[in-house]
$ cat entry_12.cif   # mmCIF, C-alpha atoms
data_target
loop_
_atom_site.label_atom_id
_atom_site.label_comp_id
_atom_site.auth_asym_id
_atom_site.auth_seq_id
_atom_site.Cartn_x
_atom_site.Cartn_y
_atom_site.Cartn_z
CA MET A 73 0.00 0.00 0.00
CA THR A 74 1.41 3.40 -0.92
CA PRO A 75 1.47 6.19 1.67
CA GLY A 76 -1.05 8.08 -0.49
CA GLN A 77 -3.61 5.26 -0.38
CA ARG A 78 -3.03 4.86 3.32
CA ARG A 79 -3.79 8.53 3.87
CA TRP A 80 -7.07 8.32 1.94
CA ILE A 81 -8.23 5.28 3.91
CA PHE A 82 -7.35 7.15 7.10
CA LEU A 83 -9.28 10.24 6.04
CA ALA A 84 -12.34 8.14 5.16
CA GLY A 85 -12.15 6.46 8.56
CA MET A 86 -11.82 9.78 10.36
CA ALA A 87 -14.83 11.18 8.50
CA GLY A 88 -16.85 8.21 9.77
CA LEU A 89 -15.52 8.66 13.29
CA ALA A 90 -16.33 12.39 13.24
CA ALA A 91 -19.90 11.67 12.16
CA PHE A 92 -20.49 9.10 14.92
CA TYR A 93 -18.70 11.26 17.48
CA LEU A 94 -20.86 14.31 16.78
CA TRP A 95 -23.94 12.09 16.94
CA GLY A 96 -22.75 10.78 20.31
CA LEU A 97 -22.02 14.28 21.60
CA ALA A 98 -25.61 15.31 20.88
CA GLY A 99 -26.71 12.94 23.66
CA LEU A 100 -24.07 13.96 26.21
CA PRO A 101 -24.67 16.51 28.93
CA GLY A 102 -22.73 19.66 27.98
CA PHE A 103 -19.28 20.44 29.35
CA GLY A 104 -19.50 21.62 32.94
CA ASN A 105 -22.80 19.88 33.67
CA TYR A 106 -21.50 16.76 35.38
CA PRO A 107 -24.60 14.66 36.02
CA GLY A 108 -23.27 12.45 38.84
CA PRO A 109 -24.07 10.66 40.97
CA TYR A 110 -20.93 8.69 41.94
CA GLY A 111 -18.46 11.59 42.12
CA ASP A 112 -20.88 13.69 44.16
CA ILE A 113 -21.58 10.84 46.57
CA LEU A 114 -17.87 10.17 47.07
CA ASN A 115 -17.12 13.85 47.57
CA ARG A 116 -19.77 13.91 50.28
CA ILE A 117 -18.83 10.75 52.19
CA ALA A 118 -15.13 10.08 51.53
CA VAL A 119 -13.70 12.52 54.07
CA GLY A 120 -15.96 11.19 56.83
CA GLN A 121 -15.36 7.54 55.99
CA THR A 122 -11.60 7.55 55.40
CA ARG A 123 -10.36 10.80 57.06
CA ALA A 124 -8.53 11.53 53.81
CA THR A 125 -9.03 15.03 52.45
CA GLY A 126 -7.73 13.97 49.04
CA VAL A 127 -10.73 12.17 47.59
CA VAL A 128 -8.76 11.01 44.53
CA SER A 129 -6.29 9.12 46.74
CA ALA A 130 -9.14 7.77 48.85
CA ILE A 131 -10.64 6.34 45.67
CA ASN A 132 -7.35 4.97 44.35
CA PHE A 133 -6.14 3.32 47.54
CA GLU A 134 -9.43 2.55 49.29
CA TYR A 135 -12.68 2.44 47.30
CA ARG A 136 -10.97 1.24 44.13
CA GLY A 137 -7.97 -0.33 45.88
CA PHE A 138 -8.39 -3.70 44.22
CA ASP A 139 -8.13 -2.09 40.76
CA THR A 140 -5.02 -0.22 41.88
CA VAL A 141 -3.36 -3.53 42.81
CA GLY A 142 -3.88 -4.55 39.18
CA GLU A 143 -2.66 -1.17 37.95
CA GLU A 144 0.50 -1.48 40.01
CA PHE A 145 1.15 -4.94 38.63
CA ILE A 146 0.76 -3.59 35.08
CA LEU A 147 3.82 -1.45 35.76
CA PHE A 148 5.57 -4.36 37.47
CA VAL A 149 4.98 -6.62 34.47
CA ALA A 150 6.02 -3.86 32.03
CA ALA A 151 9.37 -3.44 33.81
CA THR A 152 9.85 -7.21 33.71
CA GLY A 153 8.88 -7.18 30.04
CA VAL A 154 11.42 -4.47 29.20
CA ALA A 155 14.13 -6.46 31.00
CA THR A 156 13.12 -9.60 29.08
CA VAL A 157 12.94 -7.95 25.67
CA LEU A 158 16.29 -6.21 26.18
CA ARG A 159 18.17 -9.22 27.56
CA HIS A 160 21.59 -9.85 26.08
CA LEU A 161 21.20 -11.79 22.87
CA ARG A 162 23.69 -14.17 21.36
CA GLY A 163 26.49 -12.32 19.60
CA GLU A 164 26.23 -9.28 21.82
CA ARG A 165 28.89 -8.25 24.27
CA GLU A 166 29.31 -5.28 26.54
CA GLY A 167 31.77 -2.55 25.77
CA ALA A 168 32.34 1.04 26.70
CA ALA A 169 30.01 3.50 24.99
CA SER A 170 31.77 5.20 22.13
CA ASP A 171 30.94 7.56 19.34
CA GLU A 172 30.07 6.02 15.99
CA ALA A 173 32.93 7.83 14.26
CA VAL A 174 36.30 6.14 14.68
CA GLY A 175 38.82 8.05 16.76
CA ARG A 176 36.34 10.59 18.15
CA ASP A 177 35.66 10.55 21.88
CA LEU A 178 32.30 11.18 23.48
CA PRO A 179 32.06 14.85 24.46
CA PRO A 180 32.35 15.31 28.24
CA THR A 181 29.27 16.38 30.20
CA SER A 182 29.29 20.13 30.71
CA GLU A 183 30.03 21.40 34.21
CA ALA A 184 26.74 23.35 34.30
CA VAL A 185 24.66 20.22 33.62
CA LYS A 186 26.63 18.26 36.23
CA MET A 187 26.14 20.92 38.88
CA VAL A 188 22.42 21.45 38.28
CA ALA A 189 21.78 17.70 38.21
CA LEU A 190 23.66 17.09 41.45
CA LEU A 191 21.99 20.08 43.13
CA LEU A 192 18.55 18.73 42.20
CA THR A 193 19.21 15.14 43.33
CA GLY A 194 18.65 15.80 47.04
CA PRO A 195 15.46 17.86 46.58
CA ALA A 196 14.10 15.18 44.21
CA VAL A 197 14.51 12.50 46.90
CA VAL A 198 12.83 14.68 49.52
CA MET A 199 10.02 15.70 47.13
CA GLY A 200 9.42 12.07 46.12
CA TRP A 201 8.98 10.86 49.69
CA TYR A 202 6.95 13.96 50.56
CA LEU A 203 4.51 13.24 47.74
CA ALA A 204 4.27 9.53 48.55
CA ALA A 205 3.63 10.27 52.25
CA HIS A 206 0.89 12.84 51.64
CA ALA A 207 -1.53 10.84 49.50
CA GLN A 208 -4.33 11.41 52.01
CA THR A 209 -3.87 15.20 52.19
CA SER A 210 -3.15 16.77 48.86
CA PRO A 211 -2.98 15.97 45.14
CA SER A 212 -0.15 13.47 45.46
CA GLY A 213 0.40 9.81 46.19
CA GLY A 214 2.63 6.87 45.52
CA PHE A 215 2.52 7.01 41.75
CA GLN A 216 3.55 10.66 41.54
CA GLY A 217 6.08 10.34 44.37
CA GLY A 218 7.62 7.23 42.84
CA VAL A 219 8.22 8.95 39.53
CA VAL A 220 9.88 11.94 41.26
CA LEU A 221 12.01 9.53 43.31
CA ALA A 222 13.14 7.75 40.14
CA THR A 223 14.11 11.16 38.74
CA ALA A 224 16.72 11.46 41.50
CA PHE A 225 18.50 8.36 40.16
CA ILE A 226 18.26 9.60 36.59
CA LEU A 227 19.74 12.96 37.66
CA VAL A 228 22.80 11.08 38.91
CA TYR A 229 23.12 9.59 35.44
CA LEU A 230 22.61 13.01 33.82
CA ALA A 231 25.45 14.36 35.93
CA GLY A 232 27.62 12.01 33.94
CA GLN A 233 28.11 9.61 36.81
CA TYR A 234 27.13 6.48 34.91
CA LEU A 235 29.20 4.24 37.18
CA THR A 236 27.78 5.91 40.30
CA PHE A 237 24.32 5.51 38.82
CA ARG A 238 24.91 1.78 38.37
CA ARG A 239 26.35 1.53 41.87
CA VAL A 240 23.34 3.22 43.52
CA SER A 241 20.87 1.19 41.43
CA PRO A 242 22.27 -2.31 40.85
CA VAL A 243 19.74 -4.39 38.94
CA ASP A 244 19.48 -7.16 41.55
CA VAL A 245 18.75 -4.73 44.37
CA THR A 246 16.32 -2.69 42.24
CA ASP A 247 14.51 -5.91 41.30
CA ALA A 248 14.19 -6.87 44.97
CA VAL A 249 12.99 -3.38 45.95
CA GLU A 250 10.42 -3.41 43.17
CA ALA A 251 9.12 -6.79 44.31
CA LEU A 252 8.99 -5.48 47.89
CA GLY A 253 6.84 -2.53 46.82
CA ALA A 254 4.47 -4.62 44.73
CA GLY A 255 4.29 -7.39 47.33
CA GLY A 256 3.81 -4.91 50.17
CA PHE A 257 0.62 -3.55 48.61
CA ALA A 258 -0.76 -7.06 48.09
CA ALA A 259 0.29 -8.00 51.65
CA VAL A 260 -1.64 -5.05 53.15
CA GLY A 261 -4.71 -6.52 51.47
CA ILE A 262 -3.98 -10.04 52.69
CA ALA A 263 -3.39 -8.76 56.25
CA ALA A 264 -7.02 -7.63 56.25
CA VAL A 265 -8.10 -11.11 55.12
CA ALA A 266 -6.07 -12.65 57.95
CA MET A 267 -8.14 -10.57 60.41
CA GLY A 268 -11.32 -11.94 58.90
CA LEU A 269 -12.09 -8.76 56.94
CA PRO A 270 -12.62 -8.43 53.18
CA TYR A 271 -9.46 -7.98 51.05
CA LEU A 272 -7.91 -4.49 51.35
CA THR A 273 -10.20 -3.38 54.16
CA ASN A 274 -8.76 -0.31 55.90
CA PHE A 275 -7.92 -2.01 59.21
CA LEU A 276 -5.58 0.63 60.70
CA PRO A 277 -6.83 3.41 63.00
CA LEU A 278 -8.15 6.29 60.89
CA GLY A 279 -7.02 9.09 63.20
CA THR A 280 -9.16 12.05 64.17
CA THR A 281 -7.92 14.99 62.06
CA PRO A 282 -8.88 14.58 58.42
CA GLY A 283 -5.85 15.04 56.18
CA ALA A 284 -3.20 14.67 58.90
CA VAL A 285 -0.20 12.55 57.90
CA THR A 286 -1.13 9.96 60.51
CA SER A 287 -4.78 9.79 59.39
CA SER A 288 -6.65 7.50 57.03
CA GLY A 289 -5.13 4.15 58.00
CA THR A 290 -3.89 1.95 55.22
CA ILE A 291 -4.15 4.63 52.52
CA VAL A 292 -0.78 6.18 53.37
CA LEU A 293 0.82 2.75 53.92
CA ILE A 294 -0.29 1.57 50.48
CA SER A 295 0.82 4.87 48.96
CA LEU A 296 4.33 4.40 50.35
CA PHE A 297 4.54 0.85 48.99
CA VAL A 298 3.32 2.09 45.60
CA GLY A 299 5.94 4.86 45.69
CA VAL A 300 8.73 2.32 46.27
CA GLU A 301 7.40 0.07 43.50
CA VAL A 302 6.99 2.85 40.94
CA ALA A 303 10.43 4.32 41.65
CA ALA A 304 12.10 0.90 41.33
CA ALA A 305 10.16 0.06 38.16
CA PHE A 306 11.20 3.29 36.45
CA VAL A 307 14.83 2.97 37.55
CA LEU A 308 14.84 -0.60 36.22
CA ILE A 309 13.37 0.47 32.87
CA VAL A 310 15.91 3.30 32.53
CA VAL A 311 18.83 1.02 33.52
CA GLU A 312 17.76 -1.53 30.91
CA LEU A 313 17.44 1.10 28.19
CA LEU A 314 20.79 2.72 29.09
CA ASP A 315 22.47 -0.67 29.10
CA GLN A 316 21.70 -0.89 25.41
CA THR A 317 24.20 1.87 24.68
CA LEU A 318 26.91 -0.40 26.09
CA LEU A 319 26.02 -3.32 23.84
CA LEU A 320 28.03 -3.92 20.73
CA ARG A 321 27.07 -6.41 18.11
CA GLU A 322 29.99 -8.73 17.69
CA GLU A 323 29.57 -9.30 13.98
CA SER A 324 29.34 -5.61 13.13
CA ARG A 325 32.57 -4.62 14.83
CA MET B 38 -19.08 26.48 23.98
CA GLN B 39 -20.62 23.46 25.62
CA ILE B 40 -18.89 20.92 23.40
CA PHE B 41 -15.57 22.63 22.74
CA PRO B 42 -13.51 20.39 25.11
CA PHE B 43 -14.98 17.31 23.46
CA VAL B 44 -13.97 18.64 20.04
CA VAL B 45 -10.43 19.12 21.39
CA VAL B 46 -10.48 15.45 22.48
CA VAL B 47 -11.29 14.15 19.01
CA TRP B 48 -8.82 16.60 17.44
CA ILE B 49 -5.94 15.28 19.60
CA LEU B 50 -7.03 11.72 18.75
CA ALA B 51 -7.13 12.51 15.01
CA VAL B 52 -3.74 14.26 15.00
CA GLY B 53 -2.14 11.33 16.82
CA LEU B 54 -3.74 8.75 14.51
CA TYR B 55 -2.64 10.73 11.45
CA GLY B 56 0.92 10.65 12.80
CA ILE B 57 0.73 6.88 13.30
CA VAL B 58 -0.62 6.27 9.79
CA THR B 59 2.00 8.41 8.07
CA SER B 60 4.91 7.61 10.42
CA ARG B 61 8.32 6.86 8.92
CA HIS B 62 10.07 6.12 12.23
CA LEU B 63 9.08 3.76 15.06
CA VAL B 64 10.05 6.19 17.85
CA HIS B 65 7.93 8.88 16.17
CA LEU B 66 5.12 6.33 15.95
CA ILE B 67 5.35 5.60 19.69
CA VAL B 68 5.24 9.31 20.50
CA CYS B 69 2.13 9.58 18.28
CA LEU B 70 0.55 6.75 20.27
CA ILE B 71 1.22 8.76 23.44
CA VAL B 72 -0.53 11.74 21.78
CA VAL B 73 -3.53 9.50 20.99
CA GLN B 74 -3.64 8.40 24.60
CA SER B 75 -3.44 12.01 25.81
CA SER B 76 -6.85 12.57 24.25
CA THR B 77 -8.31 10.18 26.84
CA TYR B 78 -7.00 12.35 29.69
CA VAL B 79 -8.79 15.37 28.27
CA LEU B 80 -11.95 13.32 27.75
CA LEU B 81 -11.94 11.92 31.31
CA LEU B 82 -11.35 15.29 32.93
CA ALA B 83 -13.89 17.03 30.67
CA VAL B 84 -16.59 14.46 31.49
CA GLY B 85 -16.20 15.05 35.24
CA TYR B 86 -15.97 18.84 35.15
CA LYS B 87 -18.57 20.92 36.89
CA THR B 88 -18.77 24.66 36.24
CA GLY B 89 -17.57 26.66 39.23
CA ALA B 90 -16.56 23.61 41.25
CA VAL B 91 -13.25 23.13 43.12
CA ALA B 92 -10.78 20.22 42.92
CA PRO B 93 -11.89 17.22 45.05
CA TYR B 94 -9.54 18.09 47.92
CA PHE B 95 -11.09 19.26 51.16
CA PHE B 96 -7.99 20.16 53.14
CA ASP B 97 -8.54 23.92 53.08
CA VAL B 98 -12.04 24.24 51.69
CA PRO B 99 -15.10 23.34 53.77
CA LEU B 100 -16.79 20.00 53.21
CA HIS B 101 -19.80 20.09 50.88
CA THR B 102 -18.16 22.68 48.63
CA PRO B 103 -19.19 21.61 45.12
CA ALA B 104 -16.23 19.68 43.69
CA VAL B 105 -15.55 18.03 40.34
CA ASP B 106 -15.86 14.26 39.89
CA PRO B 107 -12.90 12.53 41.63
CA VAL B 108 -13.62 9.15 39.98
CA VAL B 109 -12.51 10.25 36.51
CA GLN B 110 -9.41 11.88 38.03
CA ALA B 111 -8.45 8.56 39.61
CA LEU B 112 -9.03 6.92 36.21
CA ALA B 113 -6.78 9.51 34.54
CA LEU B 114 -4.03 8.52 36.99
CA THR B 115 -4.43 4.86 35.97
CA ASP B 116 -4.33 6.00 32.37
CA VAL B 117 -0.98 7.79 32.86
CA VAL B 118 0.55 4.72 34.53
CA VAL B 119 -0.59 2.42 31.73
CA GLU B 120 0.71 4.87 29.14
CA ALA B 121 4.15 4.93 30.79
CA ALA B 122 4.22 1.13 30.92
CA VAL B 123 3.12 0.71 27.31
CA SER B 124 5.58 3.26 25.91
CA ALA B 125 8.51 1.75 27.86
CA LEU B 126 7.70 -1.69 26.46
CA LEU B 127 7.22 -0.38 22.91
CA LEU B 128 10.52 1.53 23.02
CA ALA B 129 12.24 -1.69 24.07
CA PHE B 130 10.70 -3.45 21.06
CA ALA B 131 11.86 -0.59 18.80
CA ILE B 132 15.44 -1.07 20.03
CA GLN B 133 15.26 -4.79 19.25
CA ALA B 134 13.73 -4.11 15.82
CA HIS B 135 16.58 -1.76 15.01
CA LYS B 136 19.15 -4.32 16.12
CA ARG B 137 17.55 -7.06 14.10
CA PHE B 138 16.62 -5.26 10.88
CA GLY B 139 18.84 -2.17 10.93
CA THR B 140 15.93 0.18 10.25
CA LEU B 141 13.17 1.89 12.21
CA ASP B 142 10.98 2.80 9.23
CA PRO B 143 7.68 0.88 9.62
CA GLN B 144 7.20 0.79 5.85
CA GLU B 145 10.61 -0.77 5.27
CA LEU B 146 10.01 -3.17 8.16
CA ALA B 147 6.77 -4.28 6.51
CA GLN B 148 8.58 -5.01 3.26
CA LEU B 149 11.32 -6.95 5.02
CA LYS B 150 8.87 -9.35 6.62
CA GLY B 151 6.40 -9.50 3.73
#
$ encode --input "entry_12.cif" --output "structure tokens"
Amino acid sequence: MTPGQRRWIFLAGMAGLAAFYLWGLAGLPGFGNYPGPYGDILNRIAVGQTRATGVVSAINFEYRGFDTVGEEFILFVAATGVATVLRHLRGEREGAASDEAVGRDLPPTSEAVKMVALLLTGPAVVMGWYLAAHAQTSPSGGFQGGVVLATAFILVYLAGQYLTFRRVSPVDVTDAVEALGAGGFAAVGIAAVAMGLPYLTNFLPLGTTPGAVTSSGTIVLISLFVGVEVAAAFVLIVVELLDQTLLLREESR
Amino acid sequence: MQIFPFVVVVWILAVGLYGIVTSRHLVHLIVCLIVVQSSTYVLLLAVGYKTGAVAPYFFDVPLHTPAVDPVVQALALTDVVVEAAVSALLLAFAIQAHKRFGTLDPQELAQLKG
């Protein structure tokens, strides 16, 4: 099929989609007229039931907690998948990264990039844990915190410290940490079962002040486990992708 | 403009799909897929929006203040996580395709494998 034909088929398809979409829009309530009822009900009861002022986190880690277990394992499986797809194949060996052109060295990382990256590493760690620990209070949680935490490791790499980066995130340890995060979430659910409660019941004391760090029971615990899992998964994915720059194909060199 | 956000949704979807259809590079194609998925964030947030309402966080606003739908916001979070997972996996496949076939052009790849 030529690119021209492909474009015409696409345009015909989009015309059909546009027609059905406009037809569908005619039956939707207009923008800004949310009809409810689920969001309104949750907004009304979530703070009283869970002592979490962040209703989104209350939904993610409490009302919809079982779905979030699945969501977390999607990321877990994706990291495993990346590691599997990028495993060392036959005929590949590791070597130092080098420029494609013979006799030309890789340019050194500029001092400004190094300094900014190293200056931001500490704040990124603090920010990551802060976000993961405040799921119940504000728009944050384990997923956001985990990504920020992973950024700290990637900043070390950006500062040109590839060897340091590998030393602070060895694959075996990162694997174990990732499994700990994913397993921790599942274990919080099973702990409830062991007490004779339904899976993922919030069995910890809820506290009295809504939105306090110590409030809302298992929500913050799950959020911390998710933060650990997400950070480890992203570090693992980045390590696997960066490793590829070290691979040389034996037959081509 | 009651339907304007929904028109934006389908526009982002169409732009992303057009990029996928005409793509000449697998990494470009993956970025286009991310654009397609971005349209779902706009759709989810637009569906739950309520005119004049606050975000569903009651830390410094009194309870019973009208707030937008938190359910779709939680879904958008799931959406972002899935998108990150999918693009990481696809980029890994693109690396392997380049190693194996020496090209990242989807049209050349199609010819190679028949």
$ resolve_selection --input "entry_12.cif" --expression "the PyMOL selection byres ((chain B) within 9 of (chain A))" --output "number ranges by chain"
B: 38-44, 47, 51, 54-55, 58-59, 83-89, 93-97, 100-112, 114-115, 118-119, 121-123, 125-130, 132-133, 136, 144
$ residues_around --input "entry_12.cif" --residues "B:Pro143" --least-positions-apart "5" --cutoff "8 Å" --atoms "only C-alpha atoms" --output "short mmCIF file (atom, residue, chain, number, x, y, z; two decimals) with C-alpha atoms, in the frame of the given file"
data_model
loop_
_atom_site.label_atom_id
_atom_site.label_comp_id
_atom_site.auth_asym_id
_atom_site.auth_seq_id
_atom_site.Cartn_x
_atom_site.Cartn_y
_atom_site.Cartn_z
CA SER B 60 4.91 7.61 10.42
CA ARG B 61 8.32 6.86 8.92
CA HIS B 62 10.07 6.12 12.23
CA LEU B 63 9.08 3.76 15.06
#
$ resolve_selection --input "entry_12.cif" --expression "the PyMOL selection byres ((chain A and resi 291) around 8)" --output "list of chain:residue names"
A:Ser129, A:Ala130, A:Phe133, A:Glu134, A:Ala207, A:Gln208, A:Asn274, A:Ser288, A:Gly289, A:Thr290, A:Val292, A:Leu293, A:Ile294, A:Ser295
$ resolve_selection --input "entry_12.cif" --expression "the PyMOL selection byres ((chain A and resi 249) around 12)" --output "count of residues only"
28
$ closest_residue --input "entry_12.cif" --among "B:Ala131, B:Val117, B:Cys69, B:Ala90" --to "A:Val219" --atoms "all atoms listed in the file"
B:Val117
$ atom_distance --input "entry_12.cif" --atom1 "atom CA of B:Pro99" --atom2 "atom CA of A:Ser287"
17.9 Å
$ atom_distance --input "entry_12.cif" --atom1 "atom CA of A:Phe237" --atom2 "atom CA of A:Val311"
8.9 Å
$ atom_distance --input "entry_12.cif" --atom1 "atom CA of A:His160" --atom2 "atom CA of B:Val68"
25.8 Å
$ residues_around --input "entry_12.cif" --residues "B:Leu50" --least-positions-apart "5" --cutoff "8 Å" --atoms "only C-alpha atoms" --output "compact mmCIF listing (two decimals) with C-alpha atoms, keeping the file's coordinate frame"
# COMPACT_ATOMS: atom_id res chain seq x y z
CA VAL B 72 -0.53 11.74 21.78
CA VAL B 73 -3.53 9.50 20.99
CA GLN B 74 -3.64 8.40 24.60
CA SER B 75 -3.44 12.01 25.81
CA SER B 76 -6.85 12.57 24.25
$ decode --input "entry_12.cif" --residues "stretch 299-313 of chain A" --atoms "N, CA and C atoms" --output "mmCIF file, in the first residue's frame"
data_model
loop_
_atom_site.group_PDB
_atom_site.id
_atom_site.type_symbol
_atom_site.label_atom_id
_atom_site.label_comp_id
_atom_site.auth_asym_id
_atom_site.auth_seq_id
_atom_site.Cartn_x
_atom_site.Cartn_y
_atom_site.Cartn_z
ATOM 1 N N GLY A 299 4.830 3.970 46.021
ATOM 2 C CA GLY A 299 5.945 4.858 45.686
ATOM 3 C C GLY A 299 7.230 4.085 45.472
ATOM 4 N N VAL A 300 7.517 3.143 46.395
ATOM 5 C CA VAL A 300 8.727 2.316 46.269
ATOM 6 C C VAL A 300 8.678 1.511 44.973
ATOM 7 N N GLU A 301 7.520 0.926 44.686
ATOM 8 C CA GLU A 301 7.397 0.069 43.503
ATOM 9 C C GLU A 301 7.588 0.876 42.224
ATOM 10 N N VAL A 302 6.920 2.037 42.159
ATOM 11 C CA VAL A 302 6.989 2.848 40.935
ATOM 12 C C VAL A 302 8.413 3.355 40.720
ATOM 13 N N ALA A 303 9.059 3.824 41.801
ATOM 14 C CA ALA A 303 10.432 4.320 41.649
ATOM 15 C C ALA A 303 11.336 3.206 41.143
ATOM 16 N N ALA A 304 11.232 2.011 41.743
ATOM 17 C CA ALA A 304 12.097 0.905 41.334
ATOM 18 C C ALA A 304 11.801 0.490 39.897
ATOM 19 N N ALA A 305 10.521 0.467 39.527
ATOM 20 C CA ALA A 305 10.164 0.061 38.158
ATOM 21 C C ALA A 305 10.763 1.021 37.148
ATOM 22 N N PHE A 306 10.671 2.334 37.419
ATOM 23 C CA PHE A 306 11.198 3.295 36.454
ATOM 24 C C PHE A 306 12.721 3.245 36.395
ATOM 25 N N VAL A 307 13.369 3.083 37.563
ATOM 26 C CA VAL A 307 14.834 2.973 37.548
ATOM 27 C C VAL A 307 15.243 1.744 36.743
ATOM 28 N N LEU A 308 14.517 0.650 36.939
ATOM 29 C CA LEU A 308 14.837 -0.597 36.225
ATOM 30 C C LEU A 308 14.691 -0.405 34.715
ATOM 31 N N ILE A 309 13.591 0.243 34.302
ATOM 32 C CA ILE A 309 13.367 0.467 32.867
ATOM 33 C C ILE A 309 14.489 1.328 32.299
ATOM 34 N N VAL A 310 14.866 2.399 33.037
ATOM 35 C CA VAL A 310 15.911 3.298 32.533
ATOM 36 C C VAL A 310 17.252 2.575 32.482
ATOM 37 N N VAL A 311 17.559 1.764 33.522
ATOM 38 C CA VAL A 311 18.825 1.017 33.517
ATOM 39 C C VAL A 311 18.885 0.093 32.305
ATOM 40 N N GLU A 312 17.773 -0.599 32.045
ATOM 41 C CA GLU A 312 17.761 -1.534 30.911
ATOM 42 C C GLU A 312 17.963 -0.792 29.598
ATOM 43 N N LEU A 313 17.308 0.356 29.447
ATOM 44 C CA LEU A 313 17.435 1.105 28.193
ATOM 45 C C LEU A 313 18.846 1.670 28.042
#
